[in-house]
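Asker: One structure follows; several queries about it will come next.
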There are 4 protein chains.
Amino acid sequence: LAKHTVGLIGGGQVARSHAIGFSSIPLFYGSQITGQIGVVAEATEELASAAAAKLGIPRWTSDWRTVVSDANVEIVDVLTPTYLHKESAIAALEAGKHVICEKPLASNEADALEMYEVSKRSRAKTLVGFNYRRVPAVTLARQMIQDGRLGKVHYIKSRFMEEWGGPAFPLTWRFKKAQAGAGALADLGSHSLDMVRFLVGEPKEVSGMVSNLIPERYPPGEKVKARSDVDDQTSAILRLDGGTIAEVSASWVAPGRKVDLGFEVHGSEGSLAFTMERPNELDYYDGRDPKEVQGFRTIYFGPAHRYGSSLLFSTPGMGTGYVDSVTNQMRDFLEAIESDKECSPTFYDGWKVSRLIRAILESSEKRTWISVE
Amino acid sequence: LAKHTVGLIGGGQVARSHAIGFSSIPLFYGSQITGQIGVVAEATEELASAAAAKLGIPRWTSDWRTVVSDANVEIVDVLTPTYLHKESAIAALEAGKHVICEKPLASNEADALEMYEVSKRSRAKTLVGFNYRRVPAVTLARQMIQDGRLGKVHYIKSRFMEEWGGPAFPLTWRFKKAQAGAGALADLGSHSLDMVRFLVGEPKEVSGMVSNLIPERYPPGEKVKARSDVDDQTSAILRLDGGTIAEVSASWVAPGRKVDLGFEVHGSEGSLAFTMERPNELDYYDGRDPKEVQGFRTIYFGPAHRYGSSLLFSTPGMGTGYVDSVTNQMRDFLEAIESDKECSPTFYDGWKVSRLIRAILESSEKRTWISVE
Amino acid sequence: LAKHTVGLIGGGQVARSHAIGFSSIPLFYGSQITGQIGVVAEATEELASAAAAKLGIPRWTSDWRTVVSDANVEIVDVLTPTYLHKESAIAALEAGKHVICEKPLASNEADALEMYEVSKRSRAKTLVGFNYRRVPAVTLARQMIQDGRLGKVHYIKSRFMEEWGGPAFPLTWRFKKAQAGAGALADLGSHSLDMVRFLVGEPKEVSGMVSNLIPERYPPGEKVKARSDVDDQTSAILRLDGGTIAEVSASWVAPGRKVDLGFEVHGSEGSLAFTMERPNELDYYDGRDPKEVQGFRTIYFGPAHRYGSSLLFSTPGMGTGYVDSVTNQMRDFLEAIESDKECSPTFYDGWKVSRLIRAILESSEKRTWISVE
Amino acid sequence: LAKHTVGLIGGGQVARSHAIGFSSIPLFYGSQITGQIGVVAEATEELASAAAAKLGIPRWTSDWRTVVSDANVEIVDVLTPTYLHKESAIAALEAGKHVICEKPLASNEADALEMYEVSKRSRAKTLVGFNYRRVPAVTLARQMIQDGRLGKVHYIKSRFMEEWGGPAFPLTWRFKKAQAGAGALADLGSHSLDMVRFLVGEPKEVSGMVSNLIPERYPPGEKVKARSDVDDQTSAILRLDGGTIAEVSASWVAPGRKVDLGFEVHGSEGSLAFTMERPNELDYYDGRDPKEVQGFRTIYFGPAHRYGSSLLFSTPGMGTGYVDSVTNQMRDFLEAIESDKECSPTFYDGWKVSRLIRAILESSEKRTWISVE
């Protein structure tokens, strides 16, 4: 069993999902590869030791530089708030580590570009946490589009809607532009922008509109509200080559939408539709079916599909979810390291998404289309 | 049985739906009111007599002025291609007739405004054919929003997607900007824009992008392609007061979407979702339900709802469709005439939608937001 | 326009649907044929004149024999409570009339058989009101099965679930075995039994269990409860040739199920699923599709399908419902009269369903399987 | 971290799911408890060492008695073909071990009863592998029924339909009655029978019908077919107290149904519907909602629900599946051991299901209802 040692910078909920992902590879895939978390850094000794206890990690530290300089650590996994990504990710790259970094890559485009450029000069692998690319339904959607099953793609609606960000939600760093870069657009919309690039291609021009619907929130534990200066919902139109249009929506104030990372794609020959709320299903319409039996068909995932061997049985539809996409991601990343192959999404993809976020914010402010060519 | 005599200008498929709508009122509602089509005008004698035969209309003419000047005609119903609406509708208003006019009201905003202004000076009732307002699920959605069930509305996605407009579809007047005003945006998007206004309110500013995906088509019966200068799909973002956003999409090249006039509305307290493909259902999420049993509920329509008495039995869910919305519309219009009450959507609403279409086209061309205040 | 004169015996809600059905044929189909209701009989003069007023019928009577002997009446349409069918239907047949009769054909098998035998000796057309056969999705399902698309059929689940029959519903004739024959089994289950025969074939043996869940109800307008001796829900298993199994369920105490006449059919090569709550959709699974894109596809109905020309436009999915199935039924029946062809379901089918109802009741009582060969 | 040592008897696919389940407890729940597999037995040394390698188990054996007598083993997990359960499970109980046993408990009722009686005399905990009880949606369904939200339950449809058992599937032990007890009825139907008991209660009387649709299959690796003497599909009606009816269906020849373990429950006040194909959703109809907004609501699972803390975030709907139900089961079982509390389903429940299977087979053969009181 090839064990790759991982050092975590950040020990919260995403850390837990990465810990599960790394450790699940052998039993889910029968793959002789795994990631073992050797050390975790958190802001304080207390937080760090609690995270270590919770996740079963042998060592902990309140100084992230300890992780970066640890000779046993092969992969540094950066899971801090967005504005803290750059310093540690660049330090890790410069220390010769492979680097995983949460999305969005940085809180502004300039930082994201700098991170990407440092990564270009290193021989390390980078990975940005757009995990939904590895939900089997999303992976199949891309494959079908690339195989030409939809013909020429005309349109994609790519959305990410959740409901938790109402007025009662506290003023954490996600609600501060300087730290998060943007609100729902950065947290959720970054995934939807990545979907557009992953499934259809590179946008050329954007128009967007942000809405700061809840301008004041209570800081955690406080009784006086303070300013939230980010978008609670954002809508954007992106123009690609040849008249192809992407509509992107992000919202954390969408009642009833639990984890509606979804898309609908129209091509000249067919269509696809997906939502993460039904992660095990992809709806596909083949315009070449005989007229009298045409209709969207609901594909369930199993052994016939990529990542399907992670399912337990020869029965499709046994259920997949967020965690499974993380396991799939970590396996692909570790295998890329072992075979020294590319493993997208890299910091390049992270930078491209940050660029789109910046352009949408600029468009909303200037009330004009912004080129991103 | 109060019979109102209607004169049709135009005898095609929509004429058939109006004929069914007028004649169905008594049996569906037990209402002592009906519309009786007395005369139909078409472009030629041949077309006119064929339409009369098909729809069981006693008289026909190739001169629409005959309809307008017919003393027996109380209501003129204008169902011609869009660019022909203005002349006959204004003539009918000036002849003292009530006027029904297909959507969009005109092929440009100036004509629509002129039609509205003539109607303001007359005592006639006007109706523009936004029939989907009277699908019971849509009617309930508006009622629920007005009753405050959703709290403050933040967002509406309003779309109309169909699949029939691929390259094989011939170059009829709908594909010529001078005659239709726009493409999918005018034909389908006008309904979606009306939905935004009907459900949520008046947009203030728009950004849009049109795509002319199939720039050449075969004129009917011809073997050489000619230019189609309209949008096959359009996306737009509309800003309303208070950060409320409307996303509008129209497409006639959406494989698998049969009649996906749909919307999703998010408010501070709940959400609604609808598609005309399941016309008998409205999905409603009540954010105030107890957490453990929260979820979108699928409401079926029946006697408990407006227009529900048109259903045959005390059983909800017996099925409703396009035709029923037309019957509902015609009943309301005839009752408005009898009681001399307002019956929206009037030419005012028709003008407002034409204004939005114009602004979206302008925004797409100038790559900037356009105010419609 | 060929007008066939119909005499109604019974003027309630089903009469209304038949009136709509007959009168809708020309405008929905452009068919030069229609049924015109010339006279209606009801239990009293008052009821009869009210029905005539409501449905726009020129003559009325409190003596059904007047309808049967009326020389102008070509078709007698029997819409009375079940136990009253036999006398008037047989009299009509003997008077040389074509006869339509509501389902179930009679309140016991012997009466149904007698009615069928009289019909065999006459040259009249008979029709029993299993209207759901003519919902386009059901018609297509049968066609697909007959074309072999499912391979050999192994299984059908055929159910009819509604929710209205709770304790508050009054003790009408439907809740009395002597008059209705059975409860939910006769009212709703008769349709489901007809579906089994229409789609898959003739059952040979049955086992059933009835549940009289609400043994006492208030007679209309009374304050003392009286006995209801029928089933509120019934489940049955039917064995057909070759190990094929039909499961039949009927219930009028199924909360949330509005008009869930539904089925699921499994064959060796594919499956079908339908519910009347989404009357415009048929789900079809083709086991021969490539593994990676296999899934139930949702077919929407339109011009490509039988009865599709009744829709207004070349757009599928504009909506169909109960009334449309009645219109389709009446058109087929009138055309069968004109062309002197068979038009199922006839009294033969009515008898066969009554036979199955009798066998299920007997099985439930004797706790044993009952042969119906 | 409290580690409980488990010995596996059987090392196939279910063993893998149990290995995942035991090892996932700490990271999914933050629970300081885990199961550690110390030894695995398989039929041969070769199979045993392969299973140990695949699942990361330190020791292996070809003699299951070694597992039973291993002093370090606290829990014996019996995962062999059904006819082999009894001997090893009883030996394990007699050796003082806690015992987990796959479903159905035994290949005939007598063996199941004997296993239950031995367990009664021991102080060990027993668990039979009806894992679907611990899908959060199923757990909530039972809670809602017990809390009276549905009122009095009248009806349950409980089905388990899959598609893999067509003629190409080889003649393994599951297709031999002597070894498996029954076909689809034992493999899948046992879960559905357990659902009836778990959700609604104890059946009193059954009528069933089995279908042996594919009477010959190829033994693995052979070219001459041999006899399969089990049901490929089975339908049964079960009567409970008070007229409550359960319909149970099992099939492994249901094209398109991937893992359709599903149910629909009707009570006097509401209804529930579920399918494992959408494991993260429960549909609930509250008959007491106001008429105009009544409808089935789709509940997504998250922190508000039992087992919801195993999800990573405060976001419901992140996805759950088969494996998660196993993790939940193992956690509950280990906690029951630590606290010496009951943990259903025990061998008692396993026996009760075997009894129902026996009665359904007998009913099908004798063509009569069979009492199970």
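In the structure tokens, each chain is lettered A, B, ... as it comes, each chain's residues begin at 1, and ligands are numbered from 1 in order of appearance.
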Distance cut-off 7 Å, counting only C-alpha atoms - which residues of chain C neighbour chain A? Return them as a list in words.

Answerer: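 Interface list for chain C against chain A: Lys291, Glu292, Val293, Gln294, Gly295, Phe296, Arg297, Thr298, Ile299, Tyr300, Ala304 and His305 of chain C.
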
Asker: Quick one: everything within 9 Å of segment 55-72 of chain A, counting only C-alpha atoms, minus sequence neighbours fewer than 4 positions away in the same chain. Send it as JSON, numbers by chain.

Answerer: {"A": [5, 6, 7, 8, 9, 10, 11, 15, 16, 19, 20, 36, 37, 38, 39, 40, 41, 42, 43, 44, 45, 46, 47, 48, 49, 50, 51, 76, 88, 89, 91, 92, 93, 95, 97], "D": [26, 27, 30]}

Asker: Distance atom CA of Lys204 of chain D-atom CA of Asp231 of chain C, one decimal place?

Answerer: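 Separation of atom CA of Lys204 of chain D and atom CA of Asp231 of chain C: 19.3 Å.
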
Asker: Between D:Ser371, D:Thr80, D:Ser31, D:Ser249, which residue has the minimum interatomic distance to Ile156 of chain C, considering only C-alpha atoms?

Answerer: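 Nearest candidate to Ile156 of chain C out of D:Ser371, D:Thr80, D:Ser31, D:Ser249: D:Ser249.
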
Asker: May I have the residues within 12 Å of segment 216-230 of chain A as a tab-separated table (two decimals) with all heavy atoms, in the first residue's frame, using only C-alpha atoms and disregarding those fewer than 4 positions away in the same chain?

Answerer:
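The resulting selection_19.tsv:
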```tsv
chain	number	residue	atom	x	y	z
A	165	GLY	N	-27.97	30.91	3.81
A	165	GLY	CA	-27.36	32.22	4.08
A	165	GLY	C	-28.32	33.33	4.42
A	165	GLY	O	-28.06	34.50	4.10
A	166	GLY	N	-29.42	33.02	5.04
A	166	GLY	CA	-30.39	34.04	5.43
A	166	GLY	C	-29.86	34.98	6.51
A	166	GLY	O	-28.71	34.86	6.94
A	167	PRO	N	-30.70	35.92	6.97
A	167	PRO	CA	-30.25	36.95	7.91
A	167	PRO	C	-29.72	36.39	9.22
A	167	PRO	O	-28.93	37.06	9.90
A	167	PRO	CB	-31.52	37.77	8.16
A	167	PRO	CG	-32.48	37.40	7.11
A	167	PRO	CD	-32.11	36.06	6.58
A	168	ALA	N	-30.11	35.16	9.58
A	168	ALA	CA	-29.65	34.60	10.85
A	168	ALA	C	-28.23	34.08	10.78
A	168	ALA	O	-27.61	33.83	11.81
A	168	ALA	CB	-30.60	33.48	11.28
A	169	PHE	N	-27.73	33.89	9.57
A	169	PHE	CA	-26.37	33.35	9.44
A	169	PHE	C	-25.35	34.42	9.84
A	169	PHE	O	-25.44	35.55	9.39
A	169	PHE	CB	-26.13	32.88	8.01
A	169	PHE	CG	-25.00	31.89	7.91
A	169	PHE	CD1	-25.24	30.53	7.95
A	169	PHE	CD2	-23.68	32.32	7.81
A	169	PHE	CE1	-24.20	29.61	7.87
A	169	PHE	CE2	-22.63	31.41	7.74
A	169	PHE	CZ	-22.90	30.05	7.76
A	170	PRO	N	-24.36	34.06	10.68
A	170	PRO	CA	-23.46	35.09	11.22
A	170	PRO	C	-22.46	35.64	10.20
A	170	PRO	O	-22.21	35.04	9.16
A	170	PRO	CB	-22.74	34.36	12.36
A	170	PRO	CG	-22.81	32.92	12.00
A	170	PRO	CD	-24.10	32.73	11.23
A	171	LEU	N	-21.89	36.76	10.57
A	171	LEU	CA	-20.94	37.48	9.72
A	171	LEU	C	-19.55	36.86	9.83
A	171	LEU	O	-18.67	37.40	10.50
A	171	LEU	CB	-20.91	38.96	10.15
A	171	LEU	CG	-20.05	39.91	9.30
A	171	LEU	CD1	-20.69	40.15	7.95
A	171	LEU	CD2	-19.87	41.24	10.04
A	172	THR	N	-19.37	35.73	9.18
A	172	THR	CA	-18.04	35.11	9.15
A	172	THR	C	-17.22	35.77	8.04
A	172	THR	O	-17.70	36.66	7.33
A	172	THR	CB	-18.17	33.61	8.88
A	172	THR	OG1	-18.75	33.45	7.57
A	172	THR	CG2	-19.08	32.93	9.91
A	173	TRP	N	-15.99	35.25	7.85
A	173	TRP	CA	-15.12	35.85	6.82
A	173	TRP	C	-15.71	35.75	5.42
A	173	TRP	O	-15.40	36.54	4.54
A	173	TRP	CB	-13.73	35.19	6.87
A	173	TRP	CG	-13.72	33.73	6.51
A	173	TRP	CD1	-13.86	32.68	7.38
A	173	TRP	CD2	-13.60	33.17	5.21
A	173	TRP	NE1	-13.85	31.49	6.70
A	173	TRP	CE2	-13.68	31.76	5.36
A	173	TRP	CE3	-13.44	33.70	3.93
A	173	TRP	CZ2	-13.59	30.88	4.28
A	173	TRP	CZ3	-13.36	32.82	2.85
A	173	TRP	CH2	-13.44	31.43	3.02
A	174	ARG	N	-16.59	34.78	5.19
A	174	ARG	CA	-17.19	34.64	3.86
A	174	ARG	C	-18.03	35.85	3.46
A	174	ARG	O	-18.37	36.01	2.30
A	174	ARG	CB	-18.11	33.41	3.81
A	174	ARG	CG	-17.38	32.09	3.80
A	174	ARG	CD	-18.23	30.97	3.23
A	174	ARG	NE	-17.53	29.71	3.30
A	174	ARG	CZ	-16.57	29.31	2.47
A	174	ARG	NH1	-16.20	30.11	1.47
A	174	ARG	NH2	-15.97	28.15	2.62
A	175	PHE	N	-18.43	36.66	4.44
A	175	PHE	CA	-19.29	37.81	4.16
A	175	PHE	C	-18.49	39.11	4.08
A	175	PHE	O	-19.06	40.18	4.11
A	175	PHE	CB	-20.39	37.89	5.22
A	175	PHE	CG	-21.31	36.69	5.17
A	175	PHE	CD1	-20.99	35.53	5.86
A	175	PHE	CD2	-22.44	36.71	4.39
A	175	PHE	CE1	-21.81	34.41	5.79
A	175	PHE	CE2	-23.27	35.59	4.30
A	175	PHE	CZ	-22.95	34.44	5.00
A	176	LYS	N	-17.15	38.96	3.99
A	176	LYS	CA	-16.29	40.15	3.90
A	176	LYS	C	-15.50	40.08	2.61
A	176	LYS	O	-14.74	39.14	2.38
A	176	LYS	CB	-15.35	40.19	5.10
A	176	LYS	CG	-16.09	40.34	6.42
A	176	LYS	CD	-15.12	40.21	7.59
A	176	LYS	CE	-15.92	40.16	8.91
A	176	LYS	NZ	-15.07	39.78	10.04
A	177	LYS	N	-15.67	41.07	1.80
A	177	LYS	CA	-15.09	41.03	0.46
A	177	LYS	C	-13.56	40.94	0.51
A	177	LYS	O	-12.94	40.23	-0.29
A	177	LYS	CB	-15.52	42.27	-0.31
A	177	LYS	CG	-15.22	42.18	-1.79
A	177	LYS	CD	-15.88	43.30	-2.55
A	177	LYS	CE	-15.46	43.27	-4.01
A	177	LYS	NZ	-16.06	44.38	-4.75
A	178	ALA	N	-12.95	41.64	1.43
A	178	ALA	CA	-11.49	41.65	1.49
A	178	ALA	C	-10.94	40.25	1.75
A	178	ALA	O	-9.86	39.90	1.29
A	178	ALA	CB	-11.02	42.61	2.58
A	179	GLN	N	-11.70	39.44	2.47
A	179	GLN	CA	-11.21	38.12	2.82
A	179	GLN	C	-11.68	37.03	1.86
A	179	GLN	O	-10.95	36.09	1.55
A	179	GLN	CB	-11.65	37.79	4.26
A	179	GLN	CG	-11.05	38.79	5.26
A	179	GLN	CD	-11.33	38.42	6.70
A	179	GLN	OE1	-11.97	37.43	6.99
A	179	GLN	NE2	-10.81	39.24	7.61
A	180	ALA	N	-12.92	37.16	1.38
A	180	ALA	CA	-13.50	36.10	0.55
A	180	ALA	C	-13.46	36.43	-0.94
A	180	ALA	O	-13.62	35.54	-1.77
A	180	ALA	CB	-14.95	35.85	0.98
A	181	GLY	N	-13.26	37.69	-1.27
A	181	GLY	CA	-13.22	38.07	-2.68
A	181	GLY	C	-14.60	38.43	-3.20
A	181	GLY	O	-14.78	39.39	-3.92
A	182	ALA	N	-15.56	37.62	-2.83
A	182	ALA	CA	-16.96	37.87	-3.18
A	182	ALA	C	-17.78	36.98	-2.25
A	182	ALA	O	-17.22	36.23	-1.44
A	182	ALA	CB	-17.24	37.55	-4.64
A	183	GLY	N	-19.12	37.03	-2.38
A	183	GLY	CA	-19.98	36.26	-1.49
A	183	GLY	C	-20.37	34.93	-2.10
A	183	GLY	O	-19.52	34.05	-2.32
A	184	ALA	N	-21.67	34.78	-2.37
A	184	ALA	CA	-22.14	33.54	-3.00
A	184	ALA	C	-21.40	33.29	-4.31
A	184	ALA	O	-21.15	32.14	-4.68
A	184	ALA	CB	-23.65	33.64	-3.25
A	185	LEU	N	-21.03	34.35	-4.98
A	185	LEU	CA	-20.30	34.20	-6.26
A	185	LEU	C	-19.00	33.45	-6.07
A	185	LEU	O	-18.62	32.60	-6.88
A	185	LEU	CB	-20.05	35.59	-6.86
A	185	LEU	CG	-19.18	35.64	-8.11
A	185	LEU	CD1	-19.77	34.81	-9.24
A	185	LEU	CD2	-18.99	37.10	-8.56
A	186	ALA	N	-18.25	33.77	-5.00
A	186	ALA	CA	-16.96	33.11	-4.77
A	186	ALA	C	-17.17	31.72	-4.17
A	186	ALA	O	-16.54	30.75	-4.60
A	186	ALA	CB	-16.10	33.96	-3.85
A	187	ASP	N	-18.06	31.63	-3.19
A	187	ASP	CA	-18.22	30.37	-2.46
A	187	ASP	C	-18.87	29.32	-3.34
A	187	ASP	O	-18.38	28.19	-3.46
A	187	ASP	CB	-19.06	30.63	-1.21
A	187	ASP	CG	-19.21	29.38	-0.36
A	187	ASP	OD1	-18.32	28.52	-0.39
A	187	ASP	OD2	-20.23	29.28	0.35
A	209	MET	N	-24.47	40.73	-12.45
A	209	MET	CA	-25.14	41.63	-11.51
A	209	MET	C	-25.15	40.95	-10.14
A	209	MET	O	-25.65	39.85	-10.00
A	209	MET	CB	-26.57	41.90	-11.98
A	209	MET	CG	-27.40	42.79	-11.06
A	209	MET	SD	-26.70	44.45	-10.74
A	209	MET	CE	-26.92	45.20	-12.36
A	210	VAL	N	-24.57	41.63	-9.17
A	210	VAL	CA	-24.55	41.09	-7.81
A	210	VAL	C	-25.65	41.75	-6.98
A	210	VAL	O	-26.06	42.87	-7.26
A	210	VAL	CB	-23.18	41.35	-7.15
A	210	VAL	CG1	-22.06	40.70	-7.97
A	210	VAL	CG2	-22.93	42.83	-6.97
A	211	SER	N	-26.16	41.03	-5.99
A	211	SER	CA	-27.15	41.60	-5.07
A	211	SER	C	-26.70	41.39	-3.64
A	211	SER	O	-26.60	40.25	-3.18
A	211	SER	CB	-28.52	40.93	-5.24
A	211	SER	OG	-28.98	40.99	-6.55
A	212	ASN	N	-26.46	42.46	-2.96
A	212	ASN	CA	-26.17	42.41	-1.53
A	212	ASN	C	-27.50	42.59	-0.80
A	212	ASN	O	-27.95	43.68	-0.53
A	212	ASN	CB	-25.18	43.56	-1.18
A	212	ASN	CG	-24.97	43.70	0.31
A	212	ASN	OD1	-25.24	44.74	0.91
A	212	ASN	ND2	-24.46	42.65	0.94
A	234	THR	N	-25.90	36.23	-7.17
A	234	THR	CA	-25.32	36.86	-8.37
A	234	THR	C	-25.82	36.13	-9.61
A	234	THR	O	-25.96	34.90	-9.61
A	234	THR	CB	-23.78	36.80	-8.30
A	234	THR	OG1	-23.34	37.76	-7.35
A	234	THR	CG2	-23.14	37.12	-9.65
A	251	SER	N	-26.42	31.54	-5.39
A	251	SER	CA	-27.23	32.12	-4.32
A	251	SER	C	-27.10	31.26	-3.08
A	251	SER	O	-27.12	30.04	-3.17
A	251	SER	CB	-28.70	32.18	-4.74
A	251	SER	OG	-29.51	32.58	-3.66
A	252	TRP	N	-26.97	31.92	-1.93
A	252	TRP	CA	-27.11	31.18	-0.68
A	252	TRP	C	-28.38	31.58	0.06
A	252	TRP	O	-28.53	31.31	1.24
A	252	TRP	CB	-25.86	31.29	0.20
A	252	TRP	CG	-25.33	32.67	0.50
A	252	TRP	CD1	-26.03	33.81	0.76
A	252	TRP	CD2	-23.93	33.04	0.57
A	252	TRP	NE1	-25.19	34.84	0.98
A	252	TRP	CE2	-23.89	34.43	0.90
A	252	TRP	CE3	-22.74	32.36	0.43
A	252	TRP	CZ2	-22.68	35.12	1.05
A	252	TRP	CZ3	-21.54	33.04	0.60
A	252	TRP	CH2	-21.51	34.41	0.90
A	361	LEU	N	-17.68	40.94	-11.09
A	361	LEU	CA	-17.80	42.05	-10.13
A	361	LEU	C	-17.61	43.40	-10.83
A	361	LEU	O	-18.35	44.36	-10.58
A	361	LEU	CB	-16.75	41.89	-9.02
A	361	LEU	CG	-16.93	40.67	-8.10
A	361	LEU	CD1	-15.75	40.56	-7.14
A	361	LEU	CD2	-18.24	40.76	-7.31
```

Asker: Write out as JSON, numbers by chain the set of residues from segment 150-306 of chain A that DSSP, computed on the backbone, places in strand (DSSP E or B).

Answerer: {"A": [153, 154, 155, 156, 157, 158, 159, 160, 161, 205, 206, 207, 208, 209, 210, 211, 216, 217, 226, 227, 233, 234, 235, 236, 237, 238, 239, 245, 246, 247, 248, 249, 250, 251, 260, 261, 262, 263, 264, 265, 266, 267, 270, 271, 272, 273, 274, 275, 281, 282, 283, 284, 285, 286, 295, 296, 297, 298, 299, 300]}

Asker: Can you pull out every residue within 8 Å of segment 343-360 of chain D, counting only C-alpha atoms, but drop anything in the same chain fewer than 5 positions away, and send it as a PyMOL selection string?

Answerer: chain D and resi 103-109+112-113+115-116+119+125-130+182+185-186+190+193-194+206-209+236+332-333+336+370-372

Asker: Can you tell me how far atom CA of Glu163 of chain A sits from atom CA of Pro81 of chain A, in Å to one decimal?

Answerer: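 Distance between the two atoms: 20.9 Å.
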
Asker: Enter the distance from atom CA of Ile75 of chain A to atom CA of Gly21 of chain D, in Å, rounded to one decimal.

Answerer: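 Spanning atom CA of Ile75 of chain A to atom CA of Gly21 of chain D is a straight-line distance of 27.2 Å.
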
Asker: If you run DSSP on this backbone, which residues of segment 106-292 of chain C come out as helix (DSSP H, G or I), and could you give them as a ChimeraX atom specification?

Answerer: /C:109-121,131-134,136-146,173-175,177-180,184-199,241-243,291-292

Asker: Thr327 of chain B: which residues within 8 Å, counting only C-alpha atoms, same-chain residues fewer than 4 positions away excluded, as a list of chain:residue names?

Answerer: B:His18, B:Ile20, B:Gly21, B:Phe22, B:Ser24, B:Ile25, B:Val323, B:Arg331

Asker: For Val265 of chain A, please output as a VMD selection string all residues within 8 Å (counting only C-alpha atoms; exclusion window: fewer than 5 positions along the same chain).

Answerer: chain A and resid 153 to 157 271 to 273

Asker: Between C:Thr34, C:Ser325, C:Ser192, C:Asn280, which residue has the minimum interatomic distance to Met161 of chain C, considering only C-alpha atoms?

Answerer: C:Ser192

Asker: Find the residues around Met195 of chain A up to 9 Å (only C-alpha atoms counted), leave out those fewer than 5 positions away in its own chain, and share them as an MDAnalysis selection string.

Answerer: chainID A and resid 130 132:133 138 158 190 200 263
